[in-house]
file data.txt (compact mmCIF, C-alpha atoms)
# COMPACT_ATOMS: atom_id res chain seq x y z
CA ASP A 1 120.11 204.25 128.76
CA GLY A 2 123.45 204.44 130.48
CA GLY A 3 125.00 201.26 131.64
CA ILE A 4 127.28 198.31 131.08
CA THR A 5 126.57 195.79 128.36
CA GLN A 6 128.10 192.33 128.43
CA SER A 7 127.80 189.93 125.54
CA PRO A 8 127.08 187.21 124.90
CA LYS A 9 124.89 186.15 127.81
CA TYR A 10 125.88 182.51 127.31
CA LEU A 11 129.07 181.23 125.73
CA PHE A 12 130.42 177.77 125.09
CA ARG A 13 134.08 176.97 124.69
CA LYS A 14 135.64 173.94 123.10
CA GLU A 15 138.84 172.42 124.44
CA GLY A 16 141.88 174.38 123.36
CA GLN A 17 139.87 177.33 122.14
CA ASN A 18 140.26 180.98 123.10
CA VAL A 19 137.04 182.91 123.60
CA THR A 20 136.46 186.63 124.11
CA LEU A 21 133.84 188.18 126.34
CA SER A 22 132.70 191.67 125.48
CA CYS A 23 132.14 194.51 127.94
CA GLU A 24 131.04 197.98 126.82
CA GLN A 25 130.04 200.96 128.97
CA ASN A 26 128.55 204.33 128.11
CA LEU A 27 128.88 205.78 131.61
CA ASN A 28 132.09 207.62 130.74
CA HIS A 29 133.80 205.76 133.58
CA ASP A 30 137.57 205.56 133.72
CA ALA A 31 137.98 202.31 135.63
CA MET A 32 136.75 198.89 134.52
CA TYR A 33 136.98 195.46 136.12
CA TRP A 34 136.52 191.78 135.35
CA TYR A 35 135.39 189.33 138.01
CA ARG A 36 134.79 185.62 138.03
CA GLN A 37 132.06 184.09 140.21
CA ASP A 38 131.78 180.39 140.98
CA PRO A 39 128.92 178.77 142.93
CA GLY A 40 129.30 179.44 146.64
CA GLN A 41 132.22 181.78 146.03
CA GLY A 42 132.49 185.51 146.14
CA LEU A 43 133.58 187.62 143.22
CA ARG A 44 137.24 187.16 142.42
CA LEU A 45 139.10 189.87 140.55
CA ILE A 46 140.71 188.84 137.26
CA TYR A 47 141.95 192.12 135.76
CA TYR A 48 141.25 195.79 136.13
CA SER A 49 142.04 198.94 134.20
CA GLN A 50 142.05 202.44 135.63
CA ILE A 51 142.81 204.21 132.38
CA VAL A 52 142.96 203.55 128.65
CA ASN A 53 145.97 201.51 127.50
CA ASP A 54 146.78 200.38 131.03
CA PHE A 55 145.61 197.40 133.06
CA GLN A 56 146.69 195.37 136.08
CA LYS A 57 146.38 191.75 137.10
CA GLY A 58 143.96 190.86 139.84
CA ASP A 59 144.02 187.83 142.09
CA ILE A 60 143.34 185.18 139.43
CA ALA A 61 144.77 186.53 136.15
CA GLU A 62 146.42 183.32 134.96
CA GLY A 63 144.82 182.00 131.78
CA TYR A 64 143.14 185.31 130.97
CA SER A 65 144.09 188.39 128.94
CA VAL A 66 142.55 191.82 128.45
CA SER A 67 142.96 194.97 126.41
CA ARG A 68 141.84 198.56 126.95
CA GLU A 69 142.18 200.38 123.65
CA LYS A 70 139.08 202.50 124.19
CA LYS A 71 137.56 204.00 127.31
CA GLU A 72 134.23 202.33 126.56
CA SER A 73 135.50 198.81 126.01
CA PHE A 74 137.32 196.23 128.13
CA PRO A 75 137.18 192.78 126.48
CA LEU A 76 138.32 189.66 128.34
CA THR A 77 139.86 186.70 126.52
CA VAL A 78 139.72 183.32 128.22
CA THR A 79 142.66 181.45 126.78
CA SER A 80 143.21 177.73 126.39
CA ALA A 81 145.63 178.00 129.33
CA GLN A 82 142.65 178.49 131.65
CA LYS A 83 141.88 174.88 132.51
CA ASN A 84 138.71 175.49 134.48
CA PRO A 85 136.91 178.31 132.68
CA THR A 86 133.33 177.36 133.55
CA ALA A 87 132.00 180.26 135.61
CA PHE A 88 129.88 183.40 135.61
CA TYR A 89 131.91 186.41 134.43
CA LEU A 90 131.02 189.91 135.52
CA CYS A 91 132.28 193.21 134.20
CA ALA A 92 132.05 196.40 136.25
CA SER A 93 133.04 200.03 136.06
CA ASN A 94 133.33 203.01 138.37
CA ASN A 95 133.89 206.70 137.84
CA GLY A 96 137.17 206.73 139.71
CA GLY A 97 135.75 208.31 142.84
CA GLN A 98 137.44 207.48 146.10
CA GLN A 99 134.47 205.45 147.21
CA ASN A 100 134.83 203.06 144.24
CA ILE A 101 131.14 202.26 143.88
CA GLN A 102 130.90 199.72 141.11
CA TYR A 103 128.29 199.30 138.41
CA PHE A 104 127.95 195.81 136.99
CA GLY A 105 126.85 194.30 133.74
CA ALA A 106 124.41 191.39 133.55
CA GLY A 107 127.19 188.82 133.23
CA THR A 108 128.29 186.14 130.78
CA ARG A 109 127.97 182.47 131.69
CA LEU A 110 130.78 180.47 130.14
CA SER A 111 130.63 176.70 129.85
CA VAL A 112 132.99 174.13 128.37
CA LEU A 113 131.71 171.74 125.70
CA SER B 1 146.15 189.51 153.56
CA GLN B 2 142.74 191.14 153.75
CA LYS B 3 139.85 188.84 154.40
CA ILE B 4 136.09 189.32 154.44
CA GLU B 5 133.69 186.84 155.95
CA GLN B 6 129.94 186.80 155.71
CA ASN B 7 129.18 184.37 158.42
CA SER B 8 126.13 182.64 157.05
CA GLU B 9 125.63 181.35 153.56
CA ALA B 10 121.85 181.29 153.89
CA LEU B 11 119.26 183.01 156.02
CA ASN B 12 115.57 182.10 156.01
CA ILE B 13 113.03 184.40 157.63
CA GLN B 14 109.33 185.07 157.55
CA GLU B 15 107.78 188.06 155.87
CA GLY B 16 107.56 191.08 158.13
CA LYS B 17 110.54 190.13 160.28
CA THR B 18 113.88 191.92 160.34
CA ALA B 19 116.75 190.24 158.52
CA THR B 20 120.24 190.84 159.91
CA LEU B 21 123.30 189.93 157.87
CA THR B 22 126.86 190.08 159.18
CA CYS B 23 130.12 191.00 157.50
CA ASN B 24 133.45 190.67 159.31
CA TYR B 25 136.84 191.69 158.01
CA THR B 26 140.44 191.21 159.14
CA ASN B 27 143.91 192.60 158.55
CA TYR B 28 142.70 195.93 157.29
CA SER B 29 141.00 199.15 158.35
CA PRO B 30 138.89 200.29 155.39
CA ALA B 31 137.66 203.84 155.01
CA TYR B 32 134.44 202.57 153.42
CA LEU B 33 132.36 199.44 153.38
CA GLN B 34 129.74 198.69 150.75
CA TRP B 35 126.73 196.39 150.42
CA TYR B 36 125.39 195.01 147.14
CA ARG B 37 122.38 192.93 146.18
CA GLN B 38 122.64 190.16 143.59
CA ASP B 39 119.70 188.33 142.07
CA PRO B 40 120.23 184.90 140.46
CA GLY B 41 121.94 185.16 137.09
CA ARG B 42 122.37 188.93 137.38
CA GLY B 43 125.15 191.32 138.25
CA PRO B 44 125.35 192.86 141.74
CA VAL B 45 123.62 196.18 142.35
CA PHE B 46 125.01 198.75 144.78
CA LEU B 47 122.81 199.41 147.81
CA LEU B 48 124.64 201.36 150.49
CA LEU B 49 128.05 202.68 151.44
CA ILE B 50 129.10 203.51 154.99
CA ARG B 51 132.20 205.44 155.98
CA GLU B 52 134.45 204.56 158.89
CA ASN B 53 133.33 207.63 160.82
CA GLU B 54 129.63 206.78 160.40
CA LYS B 55 128.06 204.46 162.93
CA GLU B 56 124.89 203.91 160.96
CA LYS B 57 123.38 204.59 157.54
CA ARG B 58 119.75 204.20 156.49
CA LYS B 59 117.93 203.97 153.18
CA GLU B 60 114.23 203.20 153.28
CA ARG B 61 113.93 199.77 154.97
CA LEU B 62 117.69 199.19 154.92
CA LYS B 63 120.10 199.99 157.73
CA VAL B 64 123.84 199.42 157.84
CA THR B 65 126.11 199.74 160.85
CA PHE B 66 129.89 199.84 160.90
CA ASP B 67 131.89 198.99 164.01
CA THR B 68 135.57 199.58 163.29
CA THR B 69 136.56 198.23 166.71
CA LEU B 70 134.87 194.90 166.12
CA LYS B 71 135.76 195.06 162.40
CA GLN B 72 132.17 194.27 161.58
CA SER B 73 129.26 195.61 159.58
CA LEU B 74 125.64 194.60 160.10
CA PHE B 75 123.06 194.91 157.33
CA HIS B 76 119.41 195.03 158.39
CA ILE B 77 116.26 194.79 156.29
CA THR B 78 113.20 195.71 158.32
CA ALA B 79 109.66 194.57 157.49
CA SER B 80 111.14 192.08 155.04
CA GLN B 81 109.23 191.05 151.93
CA PRO B 82 109.54 188.07 149.57
CA ALA B 83 110.91 190.53 146.99
CA ASP B 84 113.91 191.05 149.29
CA SER B 85 115.00 187.46 148.62
CA ALA B 86 118.44 187.67 147.02
CA THR B 87 122.13 187.30 147.80
CA TYR B 88 123.70 190.21 149.65
CA LEU B 89 127.41 190.91 149.30
CA CYS B 90 129.61 193.13 151.39
CA ALA B 91 132.73 194.68 149.90
CA LEU B 92 135.63 196.85 150.89
CA HIS B 93 138.66 198.34 149.19
CA ASN B 94 141.94 196.56 148.83
CA GLN B 95 144.76 198.31 150.63
CA ALA B 96 145.93 200.03 147.46
CA GLY B 97 142.44 201.46 147.03
CA THR B 98 142.37 200.27 143.43
CA ALA B 99 139.76 197.51 143.61
CA LEU B 100 137.07 195.98 145.80
CA ILE B 101 137.26 192.71 147.70
CA PHE B 102 133.92 190.95 148.01
CA GLY B 103 132.61 188.54 150.58
CA LYS B 104 131.00 185.30 149.45
CA GLY B 105 127.55 186.65 150.17
CA THR B 106 124.57 185.63 152.25
CA THR B 107 121.50 184.32 150.46
CA LEU B 108 118.33 185.64 152.08
CA SER B 109 115.02 183.89 151.57
CA VAL B 110 111.86 185.60 152.82
CA SER B 111 108.80 183.40 152.94
CA SER B 112 105.24 184.68 152.96
call {"tool": "encode", "arguments": {"input": "data.txt", "output": "C-alpha cells"}}
result
Amino acid sequence: DGGITQSPKYLFRKEGQNVTLSCEQNLNHDAMYWYRQDPGQGLRLIYYSQIVNDFQKGDIAEGYSVSREKKESFPLTVTSAQKNPTAFYLCASNNGGQQNIQYFGAGTRLSVL
Amino acid sequence: SQKIEQNSEALNIQEGKTATLTCNYTNYSPAYLQWYRQDPGRGPVFLLLIRENEKEKRKERLKVTFDTTLKQSLFHITASQPADSATYLCALHNQAGTALIFGKGTTLSVSS
C-alpha cells in the first residue's frame, strides 16, 4: 500500500525533553510538510521540504527542528524550547505538481506529562 | 497577508438535505482552491480542486463553485447522509506556491 506513515500515534513528553515524530512515505513524492492542529484551529505549517537536504520554515517553526536526509523520511523534533507542544501533528506530502494536492498521514497526538 | 475564513464552525442538517459550506479568502488571487475532509483523529483527505477559470466542479454528490470576484468558494453536499458528518477544510496556495494555507474548517453534522 502506498501512503504516509506517522508514528507513534500517541506520544507523551516530559518537561525539558526533546521528542521526535516520525513520518515516512512510499509515494515517491518530492515535497513533505509538517502541520500542527489545535482544537478549533486550522492546520498551521511548521516546516516543509521540497527536496532532499533542503527545508524551509513555515509559520510556526520556533521550538521545532526537522531533517530531510532521505526522500522517504521527514522527521520532526519537538524541542524543549517549544513551551506549548500539546497538539495533533500531521505530516503530508505531494508530488510537486503545480496543484499541490496533499496526502496526509494519520497524525501523532502529542501530550505533555 | 493571505487569509482564509470558513464562516461557520458548525453546521447541523437533516439527512437528505443539501449542505452548503462557505470559504472566503482575502489579499490573494489563487489559481486553485482545494477542499479536504477530516474525520476526528485522522488526517485530512483531498476531495476536490477547482481552478480559477472553472465556475463549478462536481464529483458524485459533491459540488464546488469558485467566484474569483467575490473571493469565495461554496462546497455543496447534496442528499446528505450521516456518513458525511466530518470537518471540511478549504485550502489555497501561499503566494510563493510552495505550501497550502488551510481554513479552520466547518464541522458538518448530518442527523437521521
call {"tool": "residues_near_point", "arguments": {"input": "data.txt", "point": "(115.4, 186.8, 154.9)", "cutoff": "7 Å", "atoms": "all atoms listed in the file", "output": "VMD selection string"}}
result
chain B and resid 11 to 14 19 80 85 108 to 110
call {"tool": "residues_around", "arguments": {"input": "data.txt", "residues": "Gln17 in chain A", "least_positions_apart": "2", "cutoff": "8 Å", "atoms": "only C-alpha atoms", "output": "ChimeraX atom specification"}}
result
/A:13-15,19,79-80
call {"tool": "interface_residues", "arguments": {"input": "data.txt", "of": "chain B", "to": "chain A", "cutoff": "12 Å", "atoms": "only C-alpha atoms", "output": "NGL selection string"}}
result
:B and (1 or 3-6 or 8-10 or 30-52 or 87-94 or 96-107)
call {"tool": "atom_distance", "arguments": {"input": "data.txt", "atom1": "CA of Glu15 in chain B", "atom2": "CA of Ser112 in chain B"}}
result
5.1 Å
call {"tool": "atom_distance", "arguments": {"input": "data.txt", "atom1": "CA of Arg58 in chain B", "atom2": "CA of Gly3 in chain A"}}
result
25.6 Å
call {"tool": "atom_distance", "arguments": {"input": "data.txt", "atom1": "CA of His29 in chain A", "atom2": "CA of Glu69 in chain A"}}
result
14.1 Å
call {"tool": "axis_aligned_box", "arguments": {"input": "data.txt", "around": "range 78-87 of chain A", "padding_each_side": "5 Å", "output": "JSON"}}
result
{"center_x": 138.8, "center_y": 179.1, "center_z": 131.0, "size_x": 23.6, "size_y": 18.4, "size_z": 19.2}
call {"tool": "residues_around", "arguments": {"input": "data.txt", "residues": "Asp67 in chain B", "least_positions_apart": "2", "cutoff": "12 Å", "atoms": "all atoms listed in the file", "output": "PDB file with C-alpha atoms, keeping the file's coordinate frame"}}
result
ATOM      1  CA  THR B  22     126.860 190.080 159.180  1.00  0.00           C
ATOM      2  CA  CYS B  23     130.120 191.000 157.500  1.00  0.00           C
ATOM      3  CA  ASN B  24     133.450 190.670 159.310  1.00  0.00           C
ATOM      4  CA  TYR B  25     136.840 191.690 158.010  1.00  0.00           C
ATOM      5  CA  SER B  29     141.000 199.150 158.350  1.00  0.00           C
ATOM      6  CA  PRO B  30     138.890 200.290 155.390  1.00  0.00           C
ATOM      7  CA  ALA B  31     137.660 203.840 155.010  1.00  0.00           C
ATOM      8  CA  TYR B  32     134.440 202.570 153.420  1.00  0.00           C
ATOM      9  CA  LEU B  33     132.360 199.440 153.380  1.00  0.00           C
ATOM     10  CA  ILE B  50     129.100 203.510 154.990  1.00  0.00           C
ATOM     11  CA  ARG B  51     132.200 205.440 155.980  1.00  0.00           C
ATOM     12  CA  GLU B  52     134.450 204.560 158.890  1.00  0.00           C
ATOM     13  CA  ASN B  53     133.330 207.630 160.820  1.00  0.00           C
ATOM     14  CA  GLU B  54     129.630 206.780 160.400  1.00  0.00           C
ATOM     15  CA  LYS B  55     128.060 204.460 162.930  1.00  0.00           C
ATOM     16  CA  GLU B  56     124.890 203.910 160.960  1.00  0.00           C
ATOM     17  CA  VAL B  64     123.840 199.420 157.840  1.00  0.00           C
ATOM     18  CA  THR B  65     126.110 199.740 160.850  1.00  0.00           C
ATOM     19  CA  THR B  69     136.560 198.230 166.710  1.00  0.00           C
ATOM     20  CA  LEU B  70     134.870 194.900 166.120  1.00  0.00           C
ATOM     21  CA  LYS B  71     135.760 195.060 162.400  1.00  0.00           C
ATOM     22  CA  GLN B  72     132.170 194.270 161.580  1.00  0.00           C
ATOM     23  CA  SER B  73     129.260 195.610 159.580  1.00  0.00           C
ATOM     24  CA  LEU B  74     125.640 194.600 160.100  1.00  0.00           C
ATOM     25  CA  PHE B  75     123.060 194.910 157.330  1.00  0.00           C
TER      26      PHE B  75
END
